[in-house]
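Raw contents of data-v6.txt, compact mmCIF, N, CA and C atoms:
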# COMPACT_ATOMS: atom_id res chain seq x y z
N VAL E 1 -5.64 4.33 52.66
CA VAL E 1 -5.58 4.30 51.21
C VAL E 1 -6.47 3.17 50.73
N ILE E 2 -7.31 3.51 49.79
CA ILE E 2 -8.18 2.52 49.18
C ILE E 2 -7.66 2.29 47.76
N GLU E 3 -7.31 1.06 47.46
CA GLU E 3 -6.85 0.71 46.12
C GLU E 3 -7.87 -0.21 45.48
N LEU E 4 -8.26 0.11 44.27
CA LEU E 4 -9.21 -0.71 43.53
C LEU E 4 -8.54 -1.28 42.29
N PRO E 5 -8.74 -2.56 42.03
CA PRO E 5 -8.21 -3.12 40.78
C PRO E 5 -8.83 -2.38 39.60
N PRO E 6 -8.10 -2.24 38.50
CA PRO E 6 -8.60 -1.47 37.35
C PRO E 6 -9.99 -1.87 36.89
N ASN E 7 -10.31 -3.15 36.94
CA ASN E 7 -11.63 -3.57 36.47
C ASN E 7 -12.74 -3.21 37.46
N GLU E 8 -12.37 -2.79 38.68
CA GLU E 8 -13.36 -2.38 39.68
C GLU E 8 -13.32 -0.87 39.95
N ALA E 9 -12.41 -0.18 39.31
CA ALA E 9 -12.25 1.25 39.55
C ALA E 9 -13.51 2.00 39.12
N SER E 10 -13.86 3.01 39.89
CA SER E 10 -15.05 3.80 39.66
C SER E 10 -14.66 5.26 39.54
N ASN E 11 -15.57 6.07 39.05
CA ASN E 11 -15.34 7.50 38.97
C ASN E 11 -15.67 8.19 40.29
N VAL E 12 -16.53 7.55 41.11
CA VAL E 12 -17.01 8.16 42.34
C VAL E 12 -17.01 7.13 43.46
N LEU E 13 -16.67 7.57 44.67
CA LEU E 13 -16.76 6.74 45.86
C LEU E 13 -17.94 7.25 46.67
N ASN E 14 -18.97 6.42 46.83
CA ASN E 14 -20.14 6.74 47.63
C ASN E 14 -20.02 6.02 48.96
N PHE E 15 -20.38 6.70 50.06
CA PHE E 15 -20.26 6.06 51.37
C PHE E 15 -21.13 6.74 52.41
N VAL E 16 -21.36 6.04 53.51
CA VAL E 16 -21.95 6.58 54.73
C VAL E 16 -21.01 6.21 55.86
N LEU E 17 -21.20 6.81 57.02
CA LEU E 17 -20.34 6.54 58.16
C LEU E 17 -21.14 5.90 59.29
N LYS E 18 -20.50 5.00 60.03
CA LYS E 18 -21.15 4.37 61.17
C LYS E 18 -20.25 4.47 62.39
N ASP E 19 -20.84 4.91 63.50
CA ASP E 19 -20.16 4.95 64.78
C ASP E 19 -20.52 3.65 65.49
N ASP E 20 -19.58 2.70 65.53
CA ASP E 20 -19.85 1.40 66.13
C ASP E 20 -20.16 1.49 67.62
N ALA E 21 -19.59 2.47 68.29
CA ALA E 21 -19.80 2.61 69.73
C ALA E 21 -21.27 2.91 70.05
N THR E 22 -21.93 3.69 69.19
CA THR E 22 -23.33 4.04 69.44
C THR E 22 -24.28 3.42 68.44
N ASN E 23 -23.73 2.67 67.48
CA ASN E 23 -24.51 2.06 66.41
C ASN E 23 -25.30 3.13 65.63
N THR E 24 -24.68 4.30 65.47
CA THR E 24 -25.33 5.42 64.78
C THR E 24 -24.75 5.56 63.38
N TRP E 25 -25.65 5.72 62.41
CA TRP E 25 -25.24 5.92 61.02
C TRP E 25 -25.32 7.41 60.68
N TYR E 26 -24.35 7.90 59.94
CA TYR E 26 -24.33 9.29 59.50
C TYR E 26 -24.31 9.32 57.97
N ASP E 27 -25.19 10.15 57.41
CA ASP E 27 -25.22 10.29 55.96
C ASP E 27 -25.23 11.76 55.59
N ASN E 28 -25.36 12.03 54.33
CA ASN E 28 -25.33 13.39 53.80
C ASN E 28 -26.75 13.82 53.45
N ASN E 29 -27.52 14.23 54.46
CA ASN E 29 -28.92 14.65 54.26
C ASN E 29 -29.73 13.57 53.53
N ASN E 30 -29.75 12.39 54.11
CA ASN E 30 -30.49 11.23 53.58
C ASN E 30 -29.96 10.74 52.24
N SER E 31 -28.70 11.02 51.98
CA SER E 31 -28.05 10.55 50.78
C SER E 31 -26.64 10.11 51.16
N ASN E 32 -25.97 9.42 50.25
CA ASN E 32 -24.58 9.03 50.49
C ASN E 32 -23.66 10.23 50.39
N PHE E 33 -22.56 10.19 51.13
CA PHE E 33 -21.46 11.11 50.86
C PHE E 33 -20.87 10.63 49.54
N SER E 34 -20.31 11.55 48.77
CA SER E 34 -19.76 11.20 47.48
C SER E 34 -18.46 11.95 47.25
N VAL E 35 -17.43 11.21 46.81
CA VAL E 35 -16.13 11.82 46.52
C VAL E 35 -15.73 11.41 45.11
N SER E 36 -15.42 12.41 44.28
CA SER E 36 -14.96 12.13 42.93
C SER E 36 -13.56 11.54 42.99
N LEU E 37 -13.34 10.47 42.25
CA LEU E 37 -12.03 9.81 42.23
C LEU E 37 -11.20 10.17 41.01
N ARG E 38 -11.82 10.79 40.05
CA ARG E 38 -11.11 11.13 38.81
C ARG E 38 -11.37 12.58 38.45
N ALA E 39 -10.35 13.21 37.90
CA ALA E 39 -10.52 14.57 37.40
C ALA E 39 -11.27 14.51 36.09
N GLU E 40 -11.98 15.58 35.78
CA GLU E 40 -12.67 15.67 34.50
C GLU E 40 -11.62 15.70 33.38
N GLU E 41 -12.06 15.50 32.16
CA GLU E 41 -11.14 15.54 31.02
C GLU E 41 -10.41 16.87 31.01
N GLY E 42 -9.12 16.85 30.74
CA GLY E 42 -8.32 18.06 30.76
C GLY E 42 -7.59 18.23 32.08
N GLY E 43 -7.82 17.30 33.02
CA GLY E 43 -7.08 17.30 34.26
C GLY E 43 -7.61 18.19 35.35
N SER E 44 -8.80 18.74 35.18
CA SER E 44 -9.32 19.58 36.24
C SER E 44 -10.72 19.15 36.62
N SER E 45 -11.08 19.48 37.82
CA SER E 45 -12.40 19.16 38.32
C SER E 45 -13.37 20.25 37.93
N SER E 46 -14.63 19.89 37.70
CA SER E 46 -15.61 20.90 37.33
C SER E 46 -16.10 21.66 38.56
N HIS E 47 -15.88 21.14 39.77
CA HIS E 47 -16.33 21.80 40.98
C HIS E 47 -15.22 22.67 41.56
N VAL E 48 -15.51 23.93 41.66
CA VAL E 48 -14.59 24.85 42.34
C VAL E 48 -15.44 25.62 43.32
N GLU E 49 -14.98 25.66 44.56
CA GLU E 49 -15.75 26.35 45.57
C GLU E 49 -15.86 27.84 45.28
N VAL E 50 -16.87 28.47 45.87
CA VAL E 50 -17.04 29.91 45.73
C VAL E 50 -15.93 30.60 46.51
N LEU E 51 -15.29 31.54 45.88
CA LEU E 51 -14.18 32.24 46.52
C LEU E 51 -14.69 33.33 47.45
N PRO E 52 -14.14 33.43 48.65
CA PRO E 52 -14.55 34.49 49.58
C PRO E 52 -14.21 35.87 48.99
N LYS E 53 -15.12 36.83 49.17
CA LYS E 53 -14.90 38.17 48.64
C LYS E 53 -13.62 38.79 49.20
N GLN E 54 -13.34 38.56 50.47
CA GLN E 54 -12.13 39.12 51.07
C GLN E 54 -10.87 38.60 50.35
N LEU E 55 -10.88 37.31 50.00
CA LEU E 55 -9.75 36.74 49.26
C LEU E 55 -9.64 37.39 47.89
N CYS E 56 -10.78 37.55 47.21
CA CYS E 56 -10.76 38.17 45.87
C CYS E 56 -10.24 39.60 45.95
N ASP E 57 -10.67 40.35 46.96
CA ASP E 57 -10.22 41.73 47.13
C ASP E 57 -8.70 41.79 47.36
N LYS E 58 -8.21 40.93 48.24
CA LYS E 58 -6.77 40.92 48.54
C LYS E 58 -5.96 40.47 47.33
N TRP E 59 -6.49 39.48 46.61
CA TRP E 59 -5.79 38.99 45.41
C TRP E 59 -5.70 40.09 44.38
N ALA E 60 -6.78 40.85 44.20
CA ALA E 60 -6.77 41.96 43.25
C ALA E 60 -5.71 42.98 43.65
N TRP E 61 -5.58 43.22 44.95
CA TRP E 61 -4.59 44.20 45.41
C TRP E 61 -3.17 43.72 45.14
N VAL E 62 -2.86 42.43 45.44
CA VAL E 62 -1.48 41.97 45.21
C VAL E 62 -1.14 41.95 43.72
N ARG E 63 -2.13 41.66 42.89
CA ARG E 63 -1.89 41.71 41.43
C ARG E 63 -1.62 43.15 40.98
N TRP E 64 -2.42 44.10 41.50
CA TRP E 64 -2.25 45.51 41.16
C TRP E 64 -0.89 46.01 41.65
N ASP E 65 -0.51 45.60 42.85
CA ASP E 65 0.80 45.95 43.40
C ASP E 65 1.91 45.39 42.51
N PHE E 66 1.78 44.15 42.09
CA PHE E 66 2.76 43.51 41.20
C PHE E 66 2.89 44.29 39.89
N GLN E 67 1.78 44.81 39.40
CA GLN E 67 1.78 45.54 38.12
C GLN E 67 2.27 46.97 38.27
N GLY E 68 2.69 47.36 39.47
CA GLY E 68 3.26 48.69 39.66
C GLY E 68 2.29 49.74 40.15
N ARG E 69 1.12 49.33 40.59
CA ARG E 69 0.09 50.24 41.13
C ARG E 69 -0.26 51.37 40.17
N ALA E 70 -0.39 51.01 38.92
CA ALA E 70 -0.70 52.00 37.89
C ALA E 70 -2.09 52.61 38.09
N THR E 71 -2.22 53.88 37.71
CA THR E 71 -3.53 54.52 37.71
C THR E 71 -4.35 53.87 36.60
N ARG E 72 -5.61 53.59 36.90
CA ARG E 72 -6.46 52.92 35.90
C ARG E 72 -7.90 53.36 36.09
N SER E 73 -8.67 53.16 35.06
CA SER E 73 -10.09 53.51 35.11
C SER E 73 -10.84 52.48 35.96
N GLU E 74 -12.05 52.82 36.32
CA GLU E 74 -12.87 51.87 37.08
C GLU E 74 -13.12 50.61 36.26
N GLN E 75 -13.35 50.79 34.97
CA GLN E 75 -13.57 49.63 34.09
C GLN E 75 -12.34 48.74 34.05
N GLN E 76 -11.16 49.34 33.95
CA GLN E 76 -9.92 48.57 33.94
C GLN E 76 -9.72 47.85 35.26
N ALA E 77 -10.02 48.52 36.37
CA ALA E 77 -9.89 47.90 37.69
C ALA E 77 -10.83 46.71 37.82
N ASN E 78 -12.06 46.85 37.30
CA ASN E 78 -13.02 45.74 37.35
C ASN E 78 -12.57 44.57 36.48
N THR E 79 -12.00 44.89 35.33
CA THR E 79 -11.49 43.83 34.44
C THR E 79 -10.33 43.10 35.11
N ASP E 80 -9.43 43.85 35.75
CA ASP E 80 -8.31 43.25 36.46
C ASP E 80 -8.81 42.36 37.61
N TYR E 81 -9.81 42.85 38.32
CA TYR E 81 -10.40 42.09 39.43
C TYR E 81 -10.95 40.76 38.91
N ASP E 82 -11.72 40.83 37.82
CA ASP E 82 -12.30 39.62 37.24
C ASP E 82 -11.22 38.64 36.77
N LEU E 83 -10.14 39.17 36.21
CA LEU E 83 -9.02 38.31 35.80
C LEU E 83 -8.39 37.62 37.01
N GLY E 84 -8.29 38.34 38.12
CA GLY E 84 -7.76 37.74 39.34
C GLY E 84 -8.63 36.60 39.85
N VAL E 85 -9.94 36.81 39.82
CA VAL E 85 -10.87 35.76 40.24
C VAL E 85 -10.75 34.56 39.30
N GLU E 86 -10.67 34.83 38.01
CA GLU E 86 -10.50 33.75 37.02
C GLU E 86 -9.19 33.00 37.27
N GLU E 87 -8.14 33.75 37.59
CA GLU E 87 -6.84 33.14 37.86
C GLU E 87 -6.94 32.19 39.07
N MET E 88 -7.54 32.67 40.16
CA MET E 88 -7.66 31.81 41.35
C MET E 88 -8.55 30.60 41.09
N THR E 89 -9.65 30.80 40.38
CA THR E 89 -10.55 29.70 40.06
C THR E 89 -9.83 28.64 39.22
N SER E 90 -9.04 29.10 38.26
CA SER E 90 -8.27 28.17 37.41
C SER E 90 -7.23 27.41 38.23
N LEU E 91 -6.58 28.10 39.16
CA LEU E 91 -5.59 27.44 40.01
C LEU E 91 -6.24 26.37 40.89
N LEU E 92 -7.39 26.70 41.47
CA LEU E 92 -8.11 25.71 42.29
C LEU E 92 -8.54 24.52 41.45
N ALA E 93 -9.03 24.78 40.24
CA ALA E 93 -9.47 23.70 39.36
C ALA E 93 -8.32 22.78 38.97
N LYS E 94 -7.10 23.33 38.96
CA LYS E 94 -5.92 22.53 38.64
C LYS E 94 -5.31 21.86 39.87
N GLY E 95 -5.98 22.00 41.02
CA GLY E 95 -5.54 21.28 42.21
C GLY E 95 -4.75 22.08 43.23
N ARG E 96 -4.59 23.38 43.02
CA ARG E 96 -3.89 24.20 44.02
C ARG E 96 -4.82 24.39 45.22
N ALA E 97 -4.25 24.58 46.39
CA ALA E 97 -5.02 24.67 47.63
C ALA E 97 -5.48 26.10 47.91
N LEU E 98 -6.67 26.21 48.49
CA LEU E 98 -7.20 27.52 48.87
C LEU E 98 -6.28 28.20 49.89
N ASP E 99 -5.74 27.44 50.82
CA ASP E 99 -4.80 28.01 51.81
C ASP E 99 -3.59 28.63 51.13
N GLU E 100 -3.16 28.03 50.04
CA GLU E 100 -2.02 28.57 49.29
C GLU E 100 -2.37 29.94 48.72
N LEU E 101 -3.59 30.07 48.19
CA LEU E 101 -4.02 31.36 47.64
C LEU E 101 -4.09 32.42 48.74
N TRP E 102 -4.58 32.02 49.91
CA TRP E 102 -4.62 32.95 51.04
C TRP E 102 -3.21 33.41 51.41
N SER E 103 -2.24 32.51 51.36
CA SER E 103 -0.86 32.88 51.68
C SER E 103 -0.35 33.98 50.75
N VAL E 104 -0.71 33.87 49.49
CA VAL E 104 -0.30 34.89 48.52
C VAL E 104 -1.07 36.18 48.77
N ALA E 105 -2.37 36.07 48.96
CA ALA E 105 -3.21 37.25 49.16
C ALA E 105 -2.80 38.03 50.41
N GLU E 106 -2.31 37.32 51.41
CA GLU E 106 -1.91 37.97 52.65
C GLU E 106 -0.41 38.29 52.66
N SER E 107 0.21 38.24 51.51
CA SER E 107 1.63 38.58 51.31
C SER E 107 2.59 37.73 52.13
N LYS E 108 2.19 36.53 52.47
CA LYS E 108 3.11 35.58 53.12
C LYS E 108 3.98 34.91 52.05
N TRP E 109 3.48 34.92 50.83
CA TRP E 109 4.21 34.41 49.67
C TRP E 109 4.09 35.51 48.62
N LYS E 110 5.19 36.08 48.18
CA LYS E 110 5.17 37.18 47.22
C LYS E 110 4.49 36.74 45.93
N TYR E 111 3.58 37.58 45.44
CA TYR E 111 2.88 37.25 44.21
C TYR E 111 3.86 37.04 43.06
N SER E 112 4.92 37.87 43.00
CA SER E 112 5.89 37.74 41.91
C SER E 112 6.55 36.36 41.92
N ASP E 113 6.90 35.86 43.11
CA ASP E 113 7.50 34.53 43.23
C ASP E 113 6.48 33.44 42.91
N TYR E 114 5.27 33.61 43.42
CA TYR E 114 4.20 32.64 43.18
C TYR E 114 3.88 32.55 41.69
N ARG E 115 3.88 33.71 41.06
CA ARG E 115 3.59 33.77 39.62
C ARG E 115 4.61 32.96 38.83
N GLU E 116 5.88 33.13 39.17
CA GLU E 116 6.93 32.41 38.46
C GLU E 116 6.97 30.92 38.80
N LYS E 117 6.81 30.59 40.07
CA LYS E 117 6.96 29.21 40.50
C LYS E 117 5.71 28.36 40.32
N VAL E 118 4.54 28.98 40.42
CA VAL E 118 3.30 28.20 40.40
C VAL E 118 2.42 28.53 39.19
N ILE E 119 2.10 29.80 39.02
CA ILE E 119 1.16 30.16 37.95
C ILE E 119 1.73 29.79 36.59
N ARG E 120 3.00 30.08 36.36
CA ARG E 120 3.62 29.75 35.07
C ARG E 120 3.51 28.25 34.76
N SER E 121 3.84 27.41 35.75
CA SER E 121 3.83 25.96 35.50
C SER E 121 2.41 25.37 35.52
N THR E 122 1.51 25.99 36.26
CA THR E 122 0.16 25.44 36.39
C THR E 122 -0.77 25.91 35.28
N LEU E 123 -0.74 27.20 34.98
CA LEU E 123 -1.65 27.76 33.98
C LEU E 123 -0.99 28.04 32.64
N GLY E 124 0.35 28.14 32.63
CA GLY E 124 1.07 28.26 31.38
C GLY E 124 1.34 29.68 30.91
N GLU E 125 2.14 29.75 29.88
CA GLU E 125 2.56 31.02 29.31
C GLU E 125 1.38 31.80 28.73
N GLU E 126 0.40 31.09 28.18
CA GLU E 126 -0.76 31.77 27.60
C GLU E 126 -1.49 32.58 28.66
N TRP E 127 -1.60 32.01 29.87
CA TRP E 127 -2.27 32.73 30.95
C TRP E 127 -1.48 33.99 31.31
N LEU E 128 -0.17 33.86 31.43
CA LEU E 128 0.65 35.01 31.77
C LEU E 128 0.53 36.10 30.71
N ALA E 129 0.50 35.69 29.45
CA ALA E 129 0.35 36.65 28.36
C ALA E 129 -1.01 37.34 28.42
N LYS E 130 -2.02 36.61 28.83
CA LYS E 130 -3.37 37.18 28.96
C LYS E 130 -3.36 38.29 30.00
N GLY E 131 -2.68 38.05 31.12
CA GLY E 131 -2.59 39.06 32.17
C GLY E 131 -1.78 40.27 31.71
N GLU E 132 -0.71 40.02 30.95
CA GLU E 132 0.12 41.12 30.45
C GLU E 132 -0.64 41.98 29.45
N ALA E 133 -1.45 41.35 28.63
CA ALA E 133 -2.21 42.06 27.61
C ALA E 133 -3.23 43.00 28.24
N ASN E 134 -3.62 42.72 29.48
CA ASN E 134 -4.63 43.52 30.14
C ASN E 134 -4.05 44.74 30.85
N LYS E 135 -2.75 44.89 30.88
CA LYS E 135 -2.12 46.03 31.58
C LYS E 135 -2.47 47.33 30.90
Can you dump the structure from the file as structure tokens?
Amino acid sequence: VIELPPNEASNVLNFVLKDDATNTWYDNNNSNFSVSLRAEEGGSSSHVEVLPKQLCDKWAWVRWDFQGRATRSEQQANTDYDLGVEEMTSLLAKGRALDELWSVAESKWKYSDYREKVIRSTLGEEWLAKGEANK
């Protein structure tokens, strides 16, 4: 744990690594490694990794299953898919773990339970209403 006094606190921690045994320095492609120490305004980070297509496909399926596997047009299916990707991206931006999303996508954690326990508290009622409006 690195603790910085408030007057020395920074938004970013820049560093390189050194292996003392071999006296070898490691950097990030001739630059410092950099770790953000503060979330952007609004409590979320602006960087969200690219979601694997397989995860997006599985997430779309568990959402469709949750909604009762209704018959829908291709356009509606695409809209639902995009909402699922937006949902996962928003969850990651709010600090939820990618492994957690995989657990839901692979039905290790029921989407209905995850929705109530995590999505409701993390993204709020407005998000849930947005998903309901798209049915």
Polymer residues at most 6 Å from Phe33 in chain E, only C-alpha atoms, same-chain spacing of 2 or more positions, as a PDB file with N, CA and C atoms, keeping the file's coordinate frame:
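Printed below is result_18.pdb as written:
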ATOM      1  N   ASN E  14     -18.970   6.420  46.830  1.00  0.00           N
ATOM      2  CA  ASN E  14     -20.140   6.740  47.630  1.00  0.00           C
ATOM      3  C   ASN E  14     -20.020   6.020  48.960  1.00  0.00           C
ATOM      4  N   PHE E  15     -20.380   6.700  50.060  1.00  0.00           N
ATOM      5  CA  PHE E  15     -20.260   6.060  51.370  1.00  0.00           C
ATOM      6  C   PHE E  15     -21.130   6.740  52.410  1.00  0.00           C
ATOM      7  N   VAL E  16     -21.360   6.040  53.510  1.00  0.00           N
ATOM      8  CA  VAL E  16     -21.950   6.580  54.730  1.00  0.00           C
ATOM      9  C   VAL E  16     -21.010   6.210  55.860  1.00  0.00           C
ATOM     10  N   ASN E  28     -25.360  12.030  54.330  1.00  0.00           N
ATOM     11  CA  ASN E  28     -25.330  13.390  53.800  1.00  0.00           C
ATOM     12  C   ASN E  28     -26.750  13.820  53.450  1.00  0.00           C
TER      13      ASN E  28
END
Which is closest to Val104 in chain E among E:Val62, E:Asn29, E:Val35, E:Met88, if we use only N, CA and C atoms? E:Val62
Give me, please, the distance in Å between atom C of Glu106 in chain E and atom N of Trp59 in chain E, quoted to one decimal. 8.7 Å
One number please: atom C of Glu116 in chain E to CA of Leu51 in chain E, in Å, one decimal.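 According to the coordinates, atom C of Glu116 in chain E and CA of Leu51 in chain E are separated by 22.6 Å.
Reported to one decimal place, the separation of CA of Ala105 in chain E from CA of Asp65 in chain E is 11.2 Å.
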Would you list the contacts of Tyr26 in chain E as a list in words, taking every protein, DNA or RNA residue within 6.5 Å and counting all atoms listed in the file, but skipping same-chain residues closer than 6 positions in sequence? Val16, Leu17, Lys18 and Asp19 of chain E
So, with only C-alpha atoms as the atoms that count, which of E:Lys110, E:Arg63, E:Ser73, E:Gly68 lies closest to Val85 in chain E? E:Arg63
If you count only C-alpha atoms, which residues fall within 12 Å of range 74-84 of chain E, apart from same-chain ones fewer than 3 positions away, as a compact mmCIF listing (two decimals) with N, CA and C atoms, in the frame of the given file?
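Ended up saving to part.txt:
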# COMPACT_ATOMS: atom_id res chain seq x y z
N LEU E 51 -15.29 31.54 45.88
CA LEU E 51 -14.18 32.24 46.52
C LEU E 51 -14.69 33.33 47.45
N LYS E 53 -15.12 36.83 49.17
CA LYS E 53 -14.90 38.17 48.64
C LYS E 53 -13.62 38.79 49.20
N LEU E 55 -10.88 37.31 50.00
CA LEU E 55 -9.75 36.74 49.26
C LEU E 55 -9.64 37.39 47.89
N CYS E 56 -10.78 37.55 47.21
CA CYS E 56 -10.76 38.17 45.87
C CYS E 56 -10.24 39.60 45.95
N ASP E 57 -10.67 40.35 46.96
CA ASP E 57 -10.22 41.73 47.13
C ASP E 57 -8.70 41.79 47.36
N LYS E 58 -8.21 40.93 48.24
CA LYS E 58 -6.77 40.92 48.54
C LYS E 58 -5.96 40.47 47.33
N TRP E 59 -6.49 39.48 46.61
CA TRP E 59 -5.79 38.99 45.41
C TRP E 59 -5.70 40.09 44.38
N ALA E 60 -6.78 40.85 44.20
CA ALA E 60 -6.77 41.96 43.25
C ALA E 60 -5.71 42.98 43.65
N TRP E 61 -5.58 43.22 44.95
CA TRP E 61 -4.59 44.20 45.41
C TRP E 61 -3.17 43.72 45.14
N VAL E 62 -2.86 42.43 45.44
CA VAL E 62 -1.48 41.97 45.21
C VAL E 62 -1.14 41.95 43.72
N ARG E 63 -2.13 41.66 42.89
CA ARG E 63 -1.89 41.71 41.43
C ARG E 63 -1.62 43.15 40.98
N TRP E 64 -2.42 44.10 41.50
CA TRP E 64 -2.25 45.51 41.16
C TRP E 64 -0.89 46.01 41.65
N ASP E 65 -0.51 45.60 42.85
CA ASP E 65 0.80 45.95 43.40
C ASP E 65 1.91 45.39 42.51
N GLN E 67 1.78 44.81 39.40
CA GLN E 67 1.78 45.54 38.12
C GLN E 67 2.27 46.97 38.27
N ARG E 69 1.12 49.33 40.59
CA ARG E 69 0.09 50.24 41.13
C ARG E 69 -0.26 51.37 40.17
N ALA E 70 -0.39 51.01 38.92
CA ALA E 70 -0.70 52.00 37.89
C ALA E 70 -2.09 52.61 38.09
N THR E 71 -2.22 53.88 37.71
CA THR E 71 -3.53 54.52 37.71
C THR E 71 -4.35 53.87 36.60
N GLU E 87 -8.14 33.75 37.59
CA GLU E 87 -6.84 33.14 37.86
C GLU E 87 -6.94 32.19 39.07
N MET E 88 -7.54 32.67 40.16
CA MET E 88 -7.66 31.81 41.35
C MET E 88 -8.55 30.60 41.09
N THR E 89 -9.65 30.80 40.38
CA THR E 89 -10.55 29.70 40.06
C THR E 89 -9.83 28.64 39.22
N SER E 90 -9.04 29.10 38.26
CA SER E 90 -8.27 28.17 37.41
C SER E 90 -7.23 27.41 38.23
N LEU E 91 -6.58 28.10 39.16
CA LEU E 91 -5.59 27.44 40.01
C LEU E 91 -6.24 26.37 40.89
N LEU E 101 -3.59 30.07 48.19
CA LEU E 101 -4.02 31.36 47.64
C LEU E 101 -4.09 32.42 48.74
N ALA E 105 -2.37 36.07 48.96
CA ALA E 105 -3.21 37.25 49.16
C ALA E 105 -2.80 38.03 50.41
N TYR E 111 3.58 37.58 45.44
CA TYR E 111 2.88 37.25 44.21
C TYR E 111 3.86 37.04 43.06
N ILE E 119 2.10 29.80 39.02
CA ILE E 119 1.16 30.16 37.95
C ILE E 119 1.73 29.79 36.59
N TRP E 127 -1.60 32.01 29.87
CA TRP E 127 -2.27 32.73 30.95
C TRP E 127 -1.48 33.99 31.31
N LEU E 128 -0.17 33.86 31.43
CA LEU E 128 0.65 35.01 31.77
C LEU E 128 0.53 36.10 30.71
N LYS E 130 -2.02 36.61 28.83
CA LYS E 130 -3.37 37.18 28.96
C LYS E 130 -3.36 38.29 30.00
N GLY E 131 -2.68 38.05 31.12
CA GLY E 131 -2.59 39.06 32.17
C GLY E 131 -1.78 40.27 31.71
N GLU E 132 -0.71 40.02 30.95
CA GLU E 132 0.12 41.12 30.45
C GLU E 132 -0.64 41.98 29.45
N ALA E 133 -1.45 41.35 28.63
CA ALA E 133 -2.21 42.06 27.61
C ALA E 133 -3.23 43.00 28.24
N ASN E 134 -3.62 42.72 29.48
CA ASN E 134 -4.63 43.52 30.14
C ASN E 134 -4.05 44.74 30.85
N LYS E 135 -2.75 44.89 30.88
CA LYS E 135 -2.12 46.03 31.58
C LYS E 135 -2.47 47.33 30.90
Range 39-118 of chain E: which residues are alpha helix (DSSP H) by DSSP, as a VMD selection string? chain E and resid 53 to 66 74 to 93 98 to 105 111 to 114
If you run DSSP on the backbone here, which positions in range 14-114 of chain E get strand (DSSP E)? Please write them as a PyMOL selection string. chain E and resi 14-15+17-19+24-26+33-36
